[in-house]
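To be precise, the following lines are start.cif, and they hold mmCIF, C-alpha atoms.
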```cif
data_work
#
loop_
_atom_site.group_PDB
_atom_site.id
_atom_site.type_symbol
_atom_site.label_atom_id
_atom_site.label_comp_id
_atom_site.auth_asym_id
_atom_site.auth_seq_id
_atom_site.Cartn_x
_atom_site.Cartn_y
_atom_site.Cartn_z
ATOM 1 C CA MET V 14 21.627 46.236 214.336
ATOM 2 C CA THR V 15 21.173 43.233 212.064
ATOM 3 C CA ALA V 16 18.421 42.677 209.509
ATOM 4 C CA LEU V 17 16.802 40.238 211.947
ATOM 5 C CA SER V 18 16.802 42.676 214.868
ATOM 6 C CA ALA V 19 13.606 44.270 216.132
ATOM 7 C CA ILE V 20 15.471 45.980 218.981
ATOM 8 C CA ALA V 21 19.176 46.797 219.205
ATOM 9 C CA ILE V 22 20.588 47.819 222.593
ATOM 10 C CA ARG V 23 24.147 49.115 222.909
ATOM 11 C CA GLU V 24 25.885 49.945 226.197
ATOM 12 C CA LEU V 25 22.578 50.831 227.857
ATOM 13 C CA THR V 26 23.181 52.410 231.248
ATOM 14 C CA LYS V 27 20.883 53.953 233.866
ATOM 15 C CA PHE V 28 21.934 55.760 237.025
ATOM 16 C CA TYR V 29 19.408 57.077 239.522
ATOM 17 C CA LYS V 30 20.410 60.177 241.460
ATOM 18 C CA GLY V 31 21.125 59.283 245.062
ATOM 19 C CA SER V 32 21.922 55.642 244.291
ATOM 20 C CA GLU V 33 25.363 54.166 244.871
ATOM 21 C CA GLU V 34 25.050 51.613 242.067
ATOM 22 C CA LEU V 35 23.991 51.594 238.437
ATOM 23 C CA ALA V 36 20.440 50.343 237.884
ATOM 24 C CA ILE V 37 21.477 49.238 234.369
ATOM 25 C CA ASP V 38 25.160 48.608 233.738
ATOM 26 C CA HIS V 39 26.227 48.802 230.070
ATOM 27 C CA ILE V 40 23.825 46.247 228.616
ATOM 28 C CA SER V 41 24.184 45.293 224.948
ATOM 29 C CA LEU V 42 21.906 42.828 223.132
ATOM 30 C CA ASP V 43 19.740 42.302 220.069
ATOM 31 C CA ILE V 44 16.138 41.109 220.237
ATOM 32 C CA ASN V 45 15.115 39.395 217.017
ATOM 33 C CA LYS V 46 11.979 39.941 215.010
ATOM 34 C CA ASN V 47 9.161 37.467 215.641
ATOM 35 C CA GLU V 48 10.604 36.019 218.834
ATOM 36 C CA ILE V 49 9.394 35.836 222.405
ATOM 37 C CA PHE V 50 12.293 37.186 224.424
ATOM 38 C CA GLY V 51 12.262 36.701 228.188
ATOM 39 C CA LEU V 52 13.992 39.187 230.483
ATOM 40 C CA LEU V 53 14.428 37.363 233.784
ATOM 41 C CA GLY V 54 15.909 38.436 237.079
ATOM 42 C CA PRO V 55 15.302 38.747 240.813
ATOM 43 C CA ASN V 56 13.614 41.784 242.343
ATOM 44 C CA GLY V 57 15.681 44.920 241.818
ATOM 45 C CA ALA V 58 17.826 43.331 239.110
ATOM 46 C CA GLY V 59 16.934 45.933 236.466
ATOM 47 C CA LYS V 60 14.154 44.258 234.467
ATOM 48 C CA THR V 61 11.478 46.916 234.873
ATOM 49 C CA THR V 62 13.999 49.746 234.443
ATOM 50 C CA THR V 63 15.145 48.209 231.163
ATOM 51 C CA ILE V 64 11.576 47.758 229.910
ATOM 52 C CA SER V 65 10.703 51.320 230.959
ATOM 53 C CA ILE V 66 13.615 52.735 228.967
ATOM 54 C CA LEU V 67 12.746 50.659 225.907
ATOM 55 C CA CYS V 68 9.164 51.920 226.103
ATOM 56 C CA GLY V 69 10.337 55.535 226.337
ATOM 57 C CA LEU V 70 9.027 56.132 229.848
ATOM 58 C CA PHE V 71 12.340 57.714 230.847
ATOM 59 C CA PRO V 72 15.693 58.254 229.131
ATOM 60 C CA PRO V 73 18.869 56.232 229.592
ATOM 61 C CA THR V 74 21.882 57.800 231.245
ATOM 62 C CA GLU V 75 24.133 56.419 228.510
ATOM 63 C CA GLY V 76 23.915 54.121 225.522
ATOM 64 C CA THR V 77 21.636 53.749 222.518
ATOM 65 C CA VAL V 78 18.461 51.828 221.723
ATOM 66 C CA THR V 79 16.830 51.441 218.321
ATOM 67 C CA ILE V 80 13.384 49.918 217.928
ATOM 68 C CA ASP V 81 12.494 48.874 214.391
ATOM 69 C CA ARG V 82 15.425 51.092 213.350
ATOM 70 C CA LEU V 83 13.979 54.088 215.200
ATOM 71 C CA ASP V 84 16.044 55.845 217.884
ATOM 72 C CA ILE V 85 14.306 56.087 221.274
ATOM 73 C CA ARG V 86 15.807 59.525 221.892
ATOM 74 C CA THR V 87 14.682 61.175 218.658
ATOM 75 C CA ASP V 88 11.841 59.046 217.266
ATOM 76 C CA HIS V 89 9.694 58.602 220.357
ATOM 77 C CA GLU V 90 6.425 59.635 218.693
ATOM 78 C CA LYS V 91 6.895 57.173 215.835
ATOM 79 C CA ILE V 92 7.849 54.393 218.232
ATOM 80 C CA LYS V 93 4.668 54.887 220.281
ATOM 81 C CA HIS V 94 2.597 53.750 217.305
ATOM 82 C CA ILE V 95 4.429 50.461 216.766
ATOM 83 C CA ILE V 96 4.767 49.235 220.363
ATOM 84 C CA GLY V 97 2.234 47.927 222.857
ATOM 85 C CA ILE V 98 2.755 48.014 226.618
ATOM 86 C CA VAL V 99 1.120 45.766 229.202
ATOM 87 C CA PRO V 100 2.364 46.934 232.621
ATOM 88 C CA GLN V 101 2.822 44.803 235.717
ATOM 89 C CA GLU V 102 0.143 46.733 237.599
ATOM 90 C CA VAL V 103 -3.340 46.498 236.106
ATOM 91 C CA ALA V 104 -3.833 49.873 234.393
ATOM 92 C CA LEU V 105 -7.625 50.012 234.139
ATOM 93 C CA TYR V 106 -10.295 52.356 235.474
ATOM 94 C CA PRO V 107 -12.210 50.239 238.012
ATOM 95 C CA THR V 108 -15.462 52.230 237.873
ATOM 96 C CA LEU V 109 -15.687 51.942 234.083
ATOM 97 C CA THR V 110 -16.821 48.821 232.265
ATOM 98 C CA GLY V 111 -14.428 46.645 230.318
ATOM 99 C CA PHE V 112 -15.922 48.017 227.113
ATOM 100 C CA GLU V 113 -15.467 51.636 228.255
ATOM 101 C CA ASN V 114 -11.878 50.990 229.280
ATOM 102 C CA LEU V 115 -11.022 49.464 225.924
ATOM 103 C CA ARG V 116 -12.742 52.260 224.022
ATOM 104 C CA PHE V 117 -10.689 54.777 226.016
ATOM 105 C CA PHE V 118 -7.371 53.041 225.309
ATOM 106 C CA GLY V 119 -8.311 52.466 221.694
ATOM 107 C CA ASN V 120 -9.010 56.185 221.292
ATOM 108 C CA MET V 121 -5.576 56.914 222.763
ATOM 109 C CA TYR V 122 -4.067 54.931 219.890
ATOM 110 C CA GLY V 123 -6.184 56.834 217.365
ATOM 111 C CA LEU V 124 -8.703 54.036 216.768
ATOM 112 C CA ARG V 125 -12.327 55.028 216.165
ATOM 113 C CA GLY V 126 -15.650 53.747 214.881
ATOM 114 C CA LYS V 127 -16.078 50.383 213.208
ATOM 115 C CA LEU V 128 -12.376 49.528 213.267
ATOM 116 C CA LEU V 129 -12.147 49.978 217.030
ATOM 117 C CA LYS V 130 -15.426 48.117 217.593
ATOM 118 C CA SER V 131 -14.277 45.154 215.481
ATOM 119 C CA ARG V 132 -10.936 44.972 217.298
ATOM 120 C CA MET V 133 -12.652 45.097 220.686
ATOM 121 C CA ASP V 134 -15.133 42.401 219.684
ATOM 122 C CA GLU V 135 -12.318 40.240 218.292
ATOM 123 C CA TYR V 136 -10.256 40.307 221.475
ATOM 124 C CA LEU V 137 -13.155 40.174 223.921
ATOM 125 C CA SER V 138 -14.312 37.020 222.157
ATOM 126 C CA ARG V 139 -10.802 35.545 222.027
ATOM 127 C CA PHE V 140 -10.379 35.999 225.780
ATOM 128 C CA GLY V 141 -13.868 34.884 226.776
ATOM 129 C CA LEU V 142 -14.999 38.285 228.015
ATOM 130 C CA GLU V 143 -18.030 39.081 225.820
ATOM 131 C CA LYS V 144 -20.510 38.443 228.645
ATOM 132 C CA PHE V 145 -18.629 40.762 230.994
ATOM 133 C CA ALA V 146 -17.811 43.647 228.650
ATOM 134 C CA ARG V 147 -20.626 45.849 230.004
ATOM 135 C CA LYS V 148 -19.819 45.155 233.655
ATOM 136 C CA ARG V 149 -17.597 47.443 235.721
ATOM 137 C CA VAL V 150 -13.980 46.344 236.062
ATOM 138 C CA VAL V 151 -14.226 46.563 239.866
ATOM 139 C CA THR V 152 -16.408 43.432 239.717
ATOM 140 C CA TYR V 153 -13.876 41.429 237.676
ATOM 141 C CA SER V 154 -11.704 38.607 238.980
ATOM 142 C CA GLY V 155 -7.923 39.002 238.877
ATOM 143 C CA GLY V 156 -7.681 36.865 235.742
ATOM 144 C CA MET V 157 -10.351 38.906 233.949
ATOM 145 C CA LYS V 158 -8.557 42.155 234.788
ATOM 146 C CA ARG V 159 -5.303 40.733 233.445
ATOM 147 C CA ARG V 160 -6.990 39.717 230.198
ATOM 148 C CA VAL V 161 -8.555 43.165 229.677
ATOM 149 C CA ASN V 162 -5.211 44.743 230.581
ATOM 150 C CA LEU V 163 -3.590 42.672 227.823
ATOM 151 C CA ILE V 164 -6.271 43.588 225.286
ATOM 152 C CA ALA V 165 -5.716 47.295 226.005
ATOM 153 C CA GLY V 166 -2.116 46.936 224.832
ATOM 154 C CA LEU V 167 -3.094 44.977 221.712
ATOM 155 C CA LEU V 168 -5.911 47.013 220.146
ATOM 156 C CA HIS V 169 -3.641 48.852 217.719
ATOM 157 C CA LYS V 170 -1.926 45.558 216.751
ATOM 158 C CA PRO V 171 1.639 46.602 217.635
ATOM 159 C CA LYS V 172 4.694 45.189 215.897
ATOM 160 C CA ILE V 173 6.473 44.915 219.261
ATOM 161 C CA LEU V 174 4.740 44.057 222.535
ATOM 162 C CA PHE V 175 6.192 44.618 226.019
ATOM 163 C CA LEU V 176 4.758 42.473 228.804
ATOM 164 C CA ASP V 177 5.809 43.042 232.415
ATOM 165 C CA GLU V 178 4.713 40.072 234.568
ATOM 166 C CA PRO V 179 1.501 39.478 232.539
ATOM 167 C CA THR V 180 0.441 36.331 234.428
ATOM 168 C CA VAL V 181 1.257 37.232 238.019
ATOM 169 C CA GLY V 182 -1.410 36.340 240.555
ATOM 170 C CA ILE V 183 -3.979 34.801 238.208
ATOM 171 C CA ASP V 184 -5.751 31.471 237.894
ATOM 172 C CA VAL V 185 -4.402 28.563 235.865
ATOM 173 C CA GLN V 186 -7.071 28.897 233.161
ATOM 174 C CA SER V 187 -6.359 32.594 232.540
ATOM 175 C CA ARG V 188 -2.619 31.910 232.448
ATOM 176 C CA HIS V 189 -3.150 29.135 229.892
ATOM 177 C CA VAL V 190 -5.299 31.364 227.656
ATOM 178 C CA ILE V 191 -2.792 34.227 227.787
ATOM 179 C CA LEU V 192 0.249 32.058 227.054
ATOM 180 C CA GLU V 193 -1.457 30.268 224.173
ATOM 181 C CA PHE V 194 -2.429 33.625 222.700
ATOM 182 C CA LEU V 195 1.143 34.922 222.973
ATOM 183 C CA ARG V 196 2.392 31.913 221.007
ATOM 184 C CA GLU V 197 -0.199 32.588 218.314
ATOM 185 C CA LEU V 198 0.709 36.283 218.291
ATOM 186 C CA ARG V 199 4.363 35.462 217.710
ATOM 187 C CA GLU V 200 3.351 33.359 214.701
ATOM 188 C CA THR V 201 1.630 36.386 213.148
ATOM 189 C CA GLY V 202 4.909 38.337 213.244
ATOM 190 C CA THR V 203 4.771 40.173 216.554
ATOM 191 C CA THR V 204 7.942 40.495 218.617
ATOM 192 C CA ILE V 205 7.280 39.988 222.328
ATOM 193 C CA ILE V 206 9.485 41.102 225.215
ATOM 194 C CA TYR V 207 8.357 39.464 228.412
ATOM 195 C CA THR V 208 9.399 39.607 232.070
ATOM 196 C CA SER V 209 8.407 36.997 234.608
ATOM 197 C CA HIS V 210 9.336 35.377 237.906
ATOM 198 C CA TYR V 211 7.843 32.084 236.687
ATOM 199 C CA MET V 212 10.853 30.188 235.395
ATOM 200 C CA GLU V 213 8.903 27.124 234.231
ATOM 201 C CA GLU V 214 6.588 29.409 232.245
ATOM 202 C CA ALA V 215 9.523 31.236 230.648
ATOM 203 C CA GLU V 216 11.265 27.969 229.821
ATOM 204 C CA LYS V 217 8.240 26.751 227.864
ATOM 205 C CA LEU V 218 7.266 30.063 226.261
ATOM 206 C CA CYS V 219 10.434 31.939 225.293
ATOM 207 C CA ASP V 220 12.601 31.459 222.227
ATOM 208 C CA ARG V 221 15.451 33.102 224.130
ATOM 209 C CA VAL V 222 15.954 34.513 227.605
ATOM 210 C CA ALA V 223 18.405 36.889 229.215
ATOM 211 C CA ILE V 224 19.061 36.605 232.936
ATOM 212 C CA ILE V 225 19.838 39.966 234.469
ATOM 213 C CA ASP V 226 21.227 40.702 237.932
ATOM 214 C CA SER V 227 22.646 43.875 239.433
ATOM 215 C CA GLY V 228 21.934 45.614 236.137
ATOM 216 C CA ARG V 229 24.085 43.226 234.085
ATOM 217 C CA ILE V 230 23.185 40.369 231.759
ATOM 218 C CA ILE V 231 24.797 37.232 233.171
ATOM 219 C CA ALA V 232 23.373 34.662 230.732
ATOM 220 C CA ILE V 233 21.549 34.753 227.406
ATOM 221 C CA GLY V 234 20.277 32.116 224.992
ATOM 222 C CA ASN V 235 17.623 29.536 224.271
ATOM 223 C CA PRO V 236 16.359 28.158 227.641
ATOM 224 C CA LYS V 237 16.922 24.510 226.713
ATOM 225 C CA GLU V 238 20.394 25.203 225.347
ATOM 226 C CA LEU V 239 21.372 27.206 228.436
ATOM 227 C CA VAL V 240 20.438 24.276 230.659
ATOM 228 C CA GLU V 241 22.253 21.798 228.389
ATOM 229 C CA LYS V 242 25.412 23.921 228.576
ATOM 230 C CA ASN V 243 25.199 23.852 232.371
ATOM 231 C CA PRO V 244 24.399 20.171 233.104
ATOM 232 C CA GLU V 245 24.708 20.675 236.862
ATOM 233 C CA PHE V 246 21.321 22.412 236.649
ATOM 234 C CA LYS V 247 18.334 20.315 235.599
ATOM 235 C CA ASN V 248 16.066 23.186 234.524
ATOM 236 C CA LEU V 249 15.937 26.959 234.026
ATOM 237 C CA GLU V 250 14.858 27.638 237.604
ATOM 238 C CA ASN V 251 17.863 25.771 239.009
ATOM 239 C CA LEU V 252 20.144 27.626 236.593
ATOM 240 C CA PHE V 253 18.560 30.941 237.583
ATOM 241 C CA LEU V 254 19.135 30.241 241.292
ATOM 242 C CA GLY V 255 22.654 29.040 240.600
ATOM 243 C CA LEU V 256 23.520 32.283 238.825
ATOM 244 C CA THR V 257 21.658 34.787 240.987
ATOM 245 C CA GLY V 258 21.845 33.067 244.383
ATOM 246 C CA LYS V 259 19.166 32.022 246.845
ATOM 247 C CA ASP V 260 19.206 35.094 249.069
ATOM 248 C CA LEU V 261 15.853 36.853 249.375
ATOM 249 C CA ARG V 262 15.406 40.038 247.310
ATOM 250 C CA ASP V 263 12.983 42.821 248.262
#
```

When written as structure tokens, how does the structure in this file appear?
Amino acid sequence: MTALSAIAIRELTKFYKGSEELAIDHISLDINKNEIFGLLGPNGAGKTTTISILCGLFPPTEGTVTIDRLDIRTDHEKIKHIIGIVPQEVALYPTLTGFENLRFFGNMYGLRGKLLKSRMDEYLSRFGLEKFARKRVVTYSGGMKRRVNLIAGLLHKPKILFLDEPTVGIDVQSRHVILEFLRELRETGTTIIYTSHYMEEAEKLCDRVAIIDSGRIIAIGNPKELVEKNPEFKNLENLFLGLTGKDLRD
């Protein structure tokens, strides 16, 4: 792990009982502090498994991971306080209001009173949700749910933020607001690990990307530089298809 590393991954491997292949196959990489790092791959490539291991949701079969110099096997409780997680599926209680959901998640991170209220007000305002905070989440549009889902992972102001498909299935305006905020968040010193199927979005947003397929990293680097090194592909999406193939993945 270098001084610039927020996350150091060495020979990370995951095998699911009953499977004939490794879900993650000896991955090694460093994710730098204050960068937006994109983890890209087709369905079943290993993106969500990798993110889940990094977040401590289940252990690796082999290998090591350190997050801010903390070991995921032995320092899980400390790590929980410095990371934020925004899952692919909206993780909100639909019968509660946006305000009640955020208060619940804030309490989970140990936030209370005026501090929690100020954080909630700050983010609700930033994402244009003040008018809807007292309405039940079941009445929200898809974009509004995504924005509240993001806020829930930000309330404790994590040093490292994991985002799994944060803009899937939402309107253009909500996507724009979220991506602009992520750029601003990076400038404040937050490290962001981001998965997406939107190659154009990743190309514009990420400082570096890793393309993963069959549990292995097959390309890594700055999106523009990766395309320049492979001039037969005119953009990241073409490069992605060239490396992973055009067959459908389920």

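Between CA of Gly97 (chain V) and CA of Leu35 (chain V) the interatomic distance comes to 27.0 Å.
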
As a check of understanding, name the residues that the PyMOL selection byres ((chain V and resi 170-176) around 6) selects in the supplied structure, as number ranges by chain.
V: 95-99, 167-169, 177, 179, 203-207

Applied to this file, what does the PyMOL selection byres ((chain V and resi 116) around 12) return in terms of residues, put as JSON, numbers by chain?
{"V": [105, 106, 109, 110, 111, 112, 113, 114, 115, 117, 118, 119, 120, 121, 122, 123, 124, 125, 126, 127, 128, 129, 130, 131, 132, 133, 134, 146, 147, 161, 164, 165, 166, 168, 169]}

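Pairwise distance (CA of Ser154 (chain V), CA of Ser209 (chain V)) equals 20.6 Å.
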
Residues in the PyMOL selection byres ((chain V and resi 81) around 12), expressed as a ChimeraX atom specification:
/V:14-22,43-47,67,78-80,82-85,88-89,91-96,171-173,203-204

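Among V:Thr152, V:Pro72, V:Leu163, V:Gly228, the residue with the shortest atom-to-atom distance to Leu137 (chain V), counting all atoms listed in the file, is V:Leu163.
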
Val151 (chain V) proximity check over V:Phe28, V:Pro107, V:Leu42, V:Leu239, using all atoms listed in the file: winner is V:Pro107

List as JSON, numbers by chain the protein and nucleic acid residues near region 213-227 of chain V, meaning an atom at most 9 Å away when all atoms listed in the file are counted, but skip any in the same chain fewer than 4 places from it.
{"V": [34, 35, 36, 37, 38, 44, 48, 49, 50, 51, 52, 53, 54, 55, 56, 57, 58, 59, 60, 192, 193, 195, 196, 207, 208, 209, 231, 232, 233, 234, 235, 236, 237, 248, 249, 250, 253, 256, 257]}

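Nearest residue to Tyr136 (chain V), choosing from V:His39, V:Arg160, V:Lys242, V:Lys247 and counting all atoms listed in the file: V:Arg160.
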
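Taking CA of Val240 (chain V) and CA of Gly255 (chain V) as the two end points, the separation is 11.2 Å.
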